[in-house]
>>> print(open('data.csv').read())   # CSV, C-alpha atoms
chain,number,residue,atom,x,y,z
H,1,MET,CA,-8.7,23.3,-343.9
H,2,SER,CA,-9.9,25.6,-341.1
H,3,LEU,CA,-8.0,28.5,-339.5
H,4,ALA,CA,-7.9,26.6,-336.1
H,5,VAL,CA,-6.3,23.5,-337.6
H,6,VAL,CA,-3.5,25.4,-339.2
H,7,ARG,CA,-2.9,27.3,-335.9
H,8,ALA,CA,-1.9,24.5,-333.5
H,9,LYS,CA,-0.2,26.4,-330.7
H,10,LEU,CA,2.5,26.3,-328.2
H,11,LEU,CA,2.1,28.0,-324.8
H,12,CYS,CA,5.2,28.4,-322.6
H,13,LEU,CA,4.4,29.2,-319.0
H,14,GLY,CA,8.0,28.8,-317.8
H,15,VAL,CA,8.9,32.4,-318.5
H,16,VAL,CA,5.6,33.0,-318.9
H,17,CYS,CA,4.9,33.6,-322.6
H,18,LEU,CA,1.9,32.7,-324.7
H,19,THR,CA,2.9,32.4,-328.3
H,20,ALA,CA,0.7,31.2,-331.1
H,21,ALA,CA,2.5,29.1,-333.7
H,22,GLY,CA,3.2,30.2,-337.2
H,23,GLN,CA,0.4,32.1,-339.1
H,24,ALA,CA,2.2,33.0,-342.3
H,25,TRP,CA,-0.9,32.4,-344.6
H,26,ALA,CA,-3.8,34.9,-344.3
H,27,PRO,CA,-7.3,33.5,-343.5
H,28,PRO,CA,-10.3,34.7,-345.5
H,29,ALA,CA,-11.8,38.0,-344.6
H,30,GLY,CA,-14.6,37.6,-342.0
H,31,SER,CA,-13.3,34.3,-340.7
H,32,GLY,CA,-12.3,33.7,-337.1
H,33,ALA,CA,-12.2,31.2,-334.3
H,34,VAL,CA,-12.7,31.0,-330.5
H,35,THR,CA,-10.2,28.7,-328.9
H,36,ILE,CA,-10.0,27.2,-325.4
H,37,SER,CA,-6.7,25.5,-324.6
H,38,TYR,CA,-5.5,23.6,-321.5
H,39,GLN,CA,-1.9,23.2,-320.7
H,40,ARG,CA,0.0,21.2,-318.1
H,41,ILE,CA,3.7,21.9,-317.6
H,42,GLY,CA,5.8,19.7,-315.3
H,43,ASN,CA,9.0,21.6,-314.2
H,44,SER,CA,11.4,18.8,-313.2
H,45,GLY,CA,14.3,21.1,-312.2
H,46,HIS,CA,16.5,24.0,-313.2
H,47,ARG,CA,19.4,24.4,-315.5
H,48,LEU,CA,22.4,26.5,-314.4
H,49,THR,CA,24.4,28.8,-316.6
H,50,ASP,CA,26.6,25.9,-317.9
H,51,GLY,CA,23.5,23.8,-318.6
H,52,THR,CA,23.9,21.6,-315.5
H,53,LEU,CA,20.6,20.2,-314.4
H,54,ILE,CA,19.7,20.7,-310.7
H,55,GLU,CA,16.8,18.3,-309.9
H,56,GLY,CA,15.3,20.5,-307.2
H,57,GLY,CA,12.6,23.1,-306.9
H,58,GLN,CA,10.1,21.1,-308.9
H,59,SER,CA,6.8,22.8,-309.6
H,60,LEU,CA,3.6,22.3,-311.7
H,61,ASN,CA,1.9,24.8,-313.9
H,62,MET,CA,-1.5,24.5,-315.5
H,63,ALA,CA,-3.4,27.1,-317.5
H,64,VAL,CA,-6.7,27.5,-319.3
H,65,PHE,CA,-6.3,29.9,-322.2
H,66,VAL,CA,-9.2,31.6,-323.9
H,67,GLU,CA,-8.3,33.2,-327.3
H,68,GLY,CA,-10.2,34.8,-330.1
H,69,ASP,CA,-9.0,35.3,-333.8
H,70,TYR,CA,-10.6,37.4,-336.4
H,71,ALA,CA,-9.6,38.3,-340.0
H,72,LEU,CA,-11.0,41.8,-340.6
H,73,THR,CA,-9.8,41.8,-344.2
H,74,GLN,CA,-8.0,39.5,-346.6
H,75,ARG,CA,-4.7,40.8,-345.2
H,76,LEU,CA,-5.3,42.1,-341.6
H,77,SER,CA,-6.2,39.9,-338.7
H,78,PHE,CA,-6.2,40.2,-334.9
H,79,THR,CA,-5.9,37.9,-331.9
H,80,VAL,CA,-6.8,38.6,-328.2
H,81,GLY,CA,-6.4,36.2,-325.3
H,82,LEU,CA,-6.1,35.7,-321.6
H,83,PRO,CA,-5.0,32.7,-319.5
H,84,PHE,CA,-6.2,31.6,-316.1
H,85,VAL,CA,-3.1,30.0,-314.4
H,86,PHE,CA,-2.7,27.5,-311.6
H,87,SER,CA,0.8,26.9,-310.1
H,88,LYS,CA,2.0,24.7,-307.2
H,89,TYR,CA,5.4,23.9,-305.7
H,90,THR,CA,5.7,20.1,-305.6
H,91,ASP,CA,9.2,19.5,-304.3
H,92,SER,CA,9.2,18.0,-300.8
H,93,ASN,CA,12.5,19.9,-300.1
H,94,PRO,CA,13.0,23.7,-300.0
H,95,PRO,CA,14.9,25.5,-302.7
H,96,PRO,CA,18.7,25.5,-302.3
H,97,PRO,CA,20.3,28.5,-300.5
H,98,PRO,CA,20.4,31.4,-300.9
H,99,PHE,CA,16.9,31.2,-302.5
H,100,PRO,CA,14.1,31.8,-300.0
H,101,TYR,CA,11.4,29.3,-299.2
H,102,LEU,CA,8.4,31.5,-299.5
H,103,PRO,CA,5.0,30.9,-298.0
H,104,ILE,CA,3.4,30.4,-301.4
H,105,ASP,CA,5.8,27.4,-302.0
H,106,GLN,CA,5.9,26.1,-298.4
H,107,CYS,CA,2.1,25.5,-298.4
H,108,HIS,CA,2.4,23.2,-301.5
H,109,CYS,CA,-1.0,24.6,-302.4
H,110,TRP,CA,-2.4,25.9,-305.7
H,111,GLN,CA,-1.9,29.6,-306.5
H,112,LYS,CA,-4.4,30.7,-309.2
H,113,GLY,CA,-5.5,33.7,-311.0
H,114,TRP,CA,-5.7,35.5,-314.3
H,115,GLN,CA,-2.4,36.3,-315.9
H,116,ASP,CA,-1.5,38.5,-318.8
H,117,PHE,CA,-3.7,39.9,-321.6
H,118,GLY,CA,-2.3,39.1,-325.0
H,119,PHE,CA,-3.0,41.2,-328.2
H,120,SER,CA,-1.6,40.8,-331.7
H,121,ALA,CA,-2.1,42.1,-335.1
H,122,ARG,CA,-0.9,40.6,-338.4
H,123,TYR,CA,-0.7,42.0,-341.9
H,124,ASN,CA,-0.2,39.6,-344.8
H,125,LEU,CA,2.2,40.7,-347.6
H,126,LEU,CA,2.4,37.5,-349.7
H,127,ASN,CA,-0.2,34.7,-349.7
H,128,GLY,CA,0.7,32.3,-352.4
H,129,ASN,CA,2.9,29.2,-352.3
H,130,PHE,CA,5.2,31.4,-350.3
H,131,ALA,CA,3.6,33.5,-347.5
H,132,LEU,CA,5.0,36.5,-345.5
H,133,THR,CA,3.2,38.1,-342.6
H,134,PRO,CA,4.7,40.8,-340.2
H,135,LEU,CA,3.2,41.0,-336.8
H,136,ILE,CA,3.1,43.1,-333.7
H,137,SER,CA,1.9,41.8,-330.3
H,138,ALA,CA,1.8,42.9,-326.7
H,139,GLY,CA,1.4,41.3,-323.2
H,140,VAL,CA,0.0,43.3,-320.4
H,141,PRO,CA,-0.5,41.9,-316.8
H,142,SER,CA,-4.2,41.7,-316.0
H,143,HIS,CA,-3.5,42.8,-312.4
H,144,SER,CA,-0.6,43.3,-310.1
H,145,TYR,CA,0.1,39.7,-309.1
H,146,GLY,CA,3.0,38.3,-307.2
H,147,TYR,CA,6.0,37.0,-309.1
H,148,ARG,CA,8.4,35.7,-306.4
H,149,GLY,CA,8.7,32.0,-305.9
H,150,GLU,CA,8.1,28.9,-308.0
H,151,ALA,CA,4.3,28.8,-307.6
H,152,THR,CA,3.7,32.1,-309.3
H,153,LEU,CA,1.3,33.2,-312.0
H,154,GLY,CA,3.9,34.8,-314.2
H,155,ARG,CA,6.6,37.6,-314.3
H,156,ASN,CA,4.2,40.6,-314.1
H,157,LEU,CA,6.1,42.5,-316.8
H,158,LYS,CA,4.7,44.3,-319.8
H,159,GLU,CA,6.2,43.6,-323.2
H,160,VAL,CA,5.9,44.4,-326.9
H,161,ARG,CA,6.9,42.0,-329.7
H,162,LEU,CA,7.7,42.6,-333.3
H,163,GLY,CA,8.0,39.7,-335.6
H,164,LEU,CA,7.7,38.0,-339.0
H,165,ASP,CA,6.1,34.8,-340.1
H,166,ALA,CA,7.2,33.1,-343.3
H,167,GLY,CA,5.7,29.9,-344.9
H,168,GLN,CA,6.4,27.7,-347.9
H,169,ARG,CA,4.3,25.0,-349.5
H,170,LEU,CA,6.5,22.0,-350.4
H,171,ASP,CA,4.3,20.2,-352.8
H,172,ARG,CA,7.2,19.1,-354.9
H,173,LEU,CA,8.5,17.0,-352.0
H,174,ALA,CA,5.2,15.9,-350.6
H,175,GLU,CA,1.7,17.0,-351.3
H,176,ASN,CA,0.0,18.9,-348.5
H,177,LEU,CA,3.4,19.6,-346.7
H,178,THR,CA,4.2,23.1,-345.5
H,179,VAL,CA,7.0,24.7,-343.5
H,180,GLN,CA,6.6,27.8,-341.4
H,181,GLU,CA,9.1,30.0,-339.6
H,182,ARG,CA,8.7,32.8,-337.1
H,183,TYR,CA,11.1,35.3,-335.6
H,184,THR,CA,10.1,37.8,-332.9
H,185,TYR,CA,12.0,40.3,-330.8
H,186,ALA,CA,10.4,41.3,-327.5
H,187,PHE,CA,10.9,44.6,-325.8
H,188,VAL,CA,10.4,43.7,-322.1
H,189,GLU,CA,9.7,46.1,-319.2
H,190,ARG,CA,12.9,46.5,-317.1
H,191,SER,CA,13.2,45.8,-313.4
H,192,LEU,CA,16.3,47.0,-311.4
H,193,ASP,CA,17.2,48.8,-314.7
H,194,LEU,CA,18.5,45.5,-316.1
H,195,PRO,CA,17.9,44.7,-319.8
H,196,ASN,CA,15.8,41.6,-320.3
H,197,ASN,CA,14.7,41.7,-324.0
H,198,ARG,CA,14.7,38.4,-325.9
H,199,SER,CA,14.6,36.9,-329.4
H,200,ASN,CA,12.5,33.8,-330.3
H,201,PHE,CA,12.8,31.8,-333.4
H,202,SER,CA,10.7,28.7,-334.4
H,203,VAL,CA,10.3,26.4,-337.3
H,204,GLU,CA,7.4,24.0,-337.8
H,205,GLY,CA,6.3,21.5,-340.4
H,206,ASN,CA,2.6,20.6,-341.1
H,207,TYR,CA,1.5,17.6,-343.1
H,208,VAL,CA,-2.2,17.1,-344.0
H,209,VAL,CA,-2.6,13.4,-343.8
H,210,LYS,CA,-6.3,13.6,-344.8
H,211,ARG,CA,-8.5,16.6,-345.4
H,212,ARG,CA,-9.3,16.8,-341.7
H,213,LEU,CA,-6.2,15.4,-340.0
H,214,VAL,CA,-2.9,17.5,-339.7
H,215,LEU,CA,0.3,16.3,-338.1
H,216,ARG,CA,2.8,18.9,-336.8
H,217,GLY,CA,6.5,19.0,-335.7
H,218,TYR,CA,7.9,22.0,-334.0
H,219,SER,CA,11.3,23.4,-332.7
H,220,GLY,CA,11.8,26.7,-331.0
H,221,TRP,CA,14.8,28.6,-329.6
H,222,GLN,CA,15.0,31.5,-327.2
H,223,ARG,CA,17.8,33.9,-326.6
H,224,THR,CA,17.6,36.5,-323.8
H,225,HIS,CA,19.5,39.7,-324.3
H,226,GLY,CA,20.5,40.6,-320.8
H,227,GLY,CA,19.1,39.1,-317.6
H,228,LEU,CA,20.9,37.5,-314.7
H,229,ARG,CA,23.1,34.4,-314.9
H,230,SER,CA,22.6,31.9,-312.0
H,231,GLY,CA,26.2,30.6,-312.2
H,232,SER,CA,27.4,27.1,-312.3
H,233,LEU,CA,28.8,24.4,-310.0
H,234,PRO,CA,32.6,24.6,-309.1
H,235,PRO,CA,35.1,24.8,-310.6
H,236,SER,CA,33.3,27.1,-313.0
H,237,GLY,CA,34.5,30.7,-313.0
H,238,LEU,CA,31.0,32.1,-312.3
H,239,VAL,CA,30.0,30.0,-309.3
H,240,PHE,CA,26.4,29.5,-308.2
H,241,PRO,CA,24.4,31.8,-307.5
H,242,GLY,CA,26.3,33.8,-310.1
H,243,GLU,CA,25.0,37.3,-310.7
H,244,ILE,CA,22.2,36.9,-308.2
H,245,ASP,CA,24.5,38.5,-305.7
H,246,THR,CA,22.5,41.2,-303.9
H,247,PRO,CA,19.3,41.2,-301.9
H,248,GLU,CA,17.6,43.2,-304.6
H,249,ARG,CA,18.6,40.8,-307.4
H,250,LEU,CA,17.6,37.9,-305.2
H,251,ALA,CA,14.1,39.4,-304.8
H,252,GLU,CA,13.8,39.9,-308.6
H,253,HIS,CA,15.6,36.8,-310.0
H,254,ASP,CA,12.4,34.9,-310.8
H,255,ARG,CA,11.6,37.3,-313.6
H,256,LEU,CA,15.1,38.4,-314.6
H,257,LEU,CA,17.0,35.2,-315.4
H,258,ARG,CA,18.9,35.0,-318.7
H,259,ASP,CA,16.6,32.2,-320.0
H,260,ASN,CA,18.1,30.7,-323.1
H,261,HIS,CA,16.6,27.4,-324.3
H,262,TRP,CA,15.7,25.0,-327.1
H,263,ARG,CA,12.3,23.2,-327.1
H,264,ALA,CA,10.9,20.8,-329.5
H,265,GLY,CA,7.7,18.8,-329.9
H,266,GLY,CA,4.9,17.6,-332.1
H,267,GLY,CA,1.2,17.1,-332.2
H,268,LEU,CA,-1.9,16.7,-334.3
H,269,SER,CA,-5.2,18.5,-335.2
H,270,TYR,CA,-8.5,17.1,-336.3
H,271,SER,CA,-11.3,19.1,-337.9
H,272,PHE,CA,-14.9,18.2,-337.5
H,273,ASP,CA,-17.7,20.0,-339.3
H,274,ARG,CA,-18.1,22.7,-336.6
H,275,VAL,CA,-15.2,22.2,-334.2
H,276,ASP,CA,-11.5,21.5,-334.3
H,277,LEU,CA,-9.5,19.5,-331.8
H,278,PHE,CA,-5.7,19.7,-331.3
H,279,ALA,CA,-3.1,18.2,-329.0
H,280,ASN,CA,0.7,18.9,-328.7
H,281,TYR,CA,3.6,17.9,-326.5
H,282,THR,CA,6.7,20.0,-326.1
H,283,ALA,CA,9.9,18.8,-324.5
H,284,TYR,CA,12.4,21.2,-322.9
H,285,VAL,CA,15.4,19.8,-324.7
H,286,ARG,CA,18.2,21.9,-323.3
H,287,GLY,CA,19.0,25.4,-322.1
H,288,THR,CA,20.8,27.6,-319.6
H,289,ASP,CA,19.3,29.6,-316.7
H,290,THR,CA,16.0,27.9,-317.4
H,291,HIS,CA,13.6,25.2,-316.4
H,292,ALA,CA,13.7,21.5,-317.3
H,293,GLY,CA,10.5,19.6,-318.0
H,294,GLY,CA,7.8,19.3,-320.6
H,295,ALA,CA,4.4,20.7,-321.6
H,296,LEU,CA,1.2,19.0,-322.8
H,297,THR,CA,-1.4,21.2,-324.5
H,298,VAL,CA,-4.9,20.2,-325.7
H,299,GLY,CA,-7.7,22.3,-326.9
H,300,VAL,CA,-10.8,22.9,-328.9
H,301,SER,CA,-11.5,25.6,-331.4
H,302,VAL,CA,-14.8,26.8,-332.9
H,303,PRO,CA,-14.5,28.5,-336.3
H,304,PHE,CA,-17.0,31.2,-337.3
H,305,ARG,CA,-17.7,33.7,-340.0
H,306,ALA,CA,-18.9,37.3,-339.4
H,307,GLY,CA,-18.8,40.2,-341.8
H,308,GLY,CA,-15.3,41.2,-343.0
H,309,LEU,CA,-14.2,44.1,-345.2
H,310,GLY,CA,-13.0,42.4,-348.3
H,311,ARG,CA,-9.4,43.4,-349.1
>>> encode(input="data.csv", output="structure tokens")
Amino acid sequence: MSLAVVRAKLLCLGVVCLTAAGQAWAPPAGSGAVTISYQRIGNSGHRLTDGTLIEGGQSLNMAVFVEGDYALTQRLSFTVGLPFVFSKYTDSNPPPPPFPYLPIDQCHCWQKGWQDFGFSARYNLLNGNFALTPLISAGVPSHSYGYRGEATLGRNLKEVRLGLDAGQRLDRLAENLTVQERYTYAFVERSLDLPNNRSNFSVEGNYVVKRRLVLRGYSGWQRTHGGLRSGSLPPSGLVFPGEIDTPERLAEHDRLLRDNHWRAGGGLSYSFDRVDLFANYTAYVRGTDTHAGGALTVGVSVPFRAGGLGR
């Protein structure tokens, strides 16, 4: 089974983060892959601090993501990537007051451009039936793009993430069944001196139906440590718009919300002799101070071998 098939991925442009799925097992030294993914996210509304869904402010995000993986040794591997993002405000009505109706949303036209460079390094500690791989990754804006409004490219914030991947083969339950988990903690650049770090935890199961076909199920949670609460509808104690209560916070709220959510989905991968194809759908199940909607991701990955340094 190739590196690309194991690495079916989830991209999450809502906040905007680009996170590869679990990579607990180390690929062979000198192996790598070039992957091109397309993602379409339909944002069908917003959830307030109490989870209430407001069906307004709909938008559409699309991205083409180019990524390269390479295993330098049997334990050390690297990933680099950069997405090109398209965003458009699709609601026929303006956002609810006090949120401004900005020109990039009023035109109902596509905003497009390169988003954030992504870098990661992983070092495998255990690589048997149980696998354990710490990781460090970073996101750096490719340029100073706008972040206000719904039709934006991203949050334009730098961040560093520390994490751990763990995997277990479950052959006693079902042959070719694996479970992987990932936890990351992100140190996010501050704006208005407000903390906005976050924790992400995910669990996924992969089942090899045949040598070339892999089915995948996924569930992921996010907890933001800080950020702004948007409030709730009356009679809640923190009435909408909550902590977005100054002109400065209103101007920065698009990248400072306390986005807590649960997302789940599934997909499949199929490996040909020289190329791998994958497709995933992720539903935004529930959350607070976050978007509602869903994401479809499809992609193609081309494995290669080049050099490598043994162990």
>>> atom_distance(input="data.csv", atom1="atom CA of Val203 of chain H", atom2="atom CA of Gly217 of chain H")
8.5 Å
>>> closest_residue(input="data.csv", among="H:Phe78, H:Tyr70, H:Phe99, H:Tyr185", to="Pro303 of chain H", atoms="only C-alpha atoms")
H:Tyr70
>>> closest_residue(input="data.csv", among="H:Val34, H:Leu48, H:Leu60, H:Leu177", to="Gly242 of chain H", atoms="all atoms listed in the file")
H:Leu48
>>> closest_atom_pairs(input="data.csv", of="segment 252-289 of chain H", to="segment 157-168 of chain H", cutoff="12 Å", atoms="all atoms listed in the file", output="JSON lines")
{"residue": "H:Glu252", "atom": "CA", "partner": "H:Leu157", "partner_atom": "CA", "distance": 11.5}
{"residue": "H:Asp254", "atom": "CA", "partner": "H:Leu157", "partner_atom": "CA", "distance": 11.6}
{"residue": "H:Arg255", "atom": "CA", "partner": "H:Leu157", "partner_atom": "CA", "distance": 8.2}
{"residue": "H:Leu256", "atom": "CA", "partner": "H:Leu157", "partner_atom": "CA", "distance": 10.1}
>>> residues_around(input="data.csv", residues="Ala33 of chain H", least_positions_apart="3", cutoff="12 Å", atoms="all atoms listed in the file", output="PyMOL selection string")
chain H and resi 2-7+27-28+30+36+66-71+77-81+274-276+300-306
>>> closest_residue(input="data.csv", among="H:Gln222, H:Thr246, H:Gln39, H:Leu213", to="Arg286 of chain H", atoms="all atoms listed in the file")
H:Gln222
>>> closest_residue(input="data.csv", among="H:Val239, H:Ala24, H:Leu309, H:Ala251", to="Asn127 of chain H", atoms="only C-alpha atoms")
H:Ala24
>>> atom_distance(input="data.csv", atom1="atom CA of Gly51 of chain H", atom2="atom CA of Gly205 of chain H")
27.9 Å
>>> closest_residue(input="data.csv", among="H:Leu233, H:Ala26, H:Leu238, H:Leu215", to="Thr133 of chain H", atoms="all atoms listed in the file")
H:Ala26
>>> closest_residue(input="data.csv", among="H:Gln115, H:Ser120, H:Asn200, H:Ser191", to="Ser137 of chain H", atoms="only C-alpha atoms")
H:Ser120
>>> residues_near_point(input="data.csv", point="(-6.4, 23.9, -324.2)", cutoff="7 Å", atoms="only C-alpha atoms", output="NGL selection string")
:H and (36-39 or 64-65 or 297-300)
>>> residues_around(input="data.csv", residues="Gly154 of chain H", least_positions_apart="5", cutoff="12 Å", atoms="only C-alpha atoms", output="NGL selection string")
:H and (12-18 or 61-63 or 83-87 or 111-117 or 139-149 or 254-256)
>>> atom_distance(input="data.csv", atom1="atom CA of Ser92 of chain H", atom2="atom CA of His46 of chain H")
15.6 Å
>>> residues_around(input="data.csv", residues="Ser232 of chain H", least_positions_apart="3", cutoff="12 Å", atoms="only C-alpha atoms", output="count of residues only")
22
>>> decode(input="data.csv", residues="segment 155-172 of chain H", atoms="C-alpha atoms", output="mmCIF file, in the first residue's frame")
data_model
loop_
_atom_site.group_PDB
_atom_site.id
_atom_site.type_symbol
_atom_site.label_atom_id
_atom_site.label_comp_id
_atom_site.auth_asym_id
_atom_site.auth_seq_id
_atom_site.Cartn_x
_atom_site.Cartn_y
_atom_site.Cartn_z
ATOM 1 C CA ARG H 155 -6.934 34.392 8.719
ATOM 2 C CA ASN H 156 -3.464 35.744 7.821
ATOM 3 C CA LEU H 157 -1.951 34.509 11.096
ATOM 4 C CA LYS H 158 1.271 32.591 11.668
ATOM 5 C CA GLU H 159 1.149 29.452 13.809
ATOM 6 C CA VAL H 160 3.311 26.580 15.056
ATOM 7 C CA ARG H 161 1.827 23.176 15.948
ATOM 8 C CA LEU H 162 3.238 20.397 18.110
ATOM 9 C CA GLY H 163 1.587 17.019 17.911
ATOM 10 C CA LEU H 164 1.645 13.256 18.178
ATOM 11 C CA ASP H 165 0.334 10.536 15.863
ATOM 12 C CA ALA H 166 -0.438 7.070 17.229
ATOM 13 C CA GLY H 167 -1.606 4.036 15.268
ATOM 14 C CA GLN H 168 -2.643 0.455 16.008
ATOM 15 C CA ARG H 169 -3.175 -2.462 13.651
ATOM 16 C CA LEU H 170 -6.296 -4.413 14.667
ATOM 17 C CA ASP H 171 -5.749 -7.689 12.829
ATOM 18 C CA ARG H 172 -7.361 -9.668 15.656
#
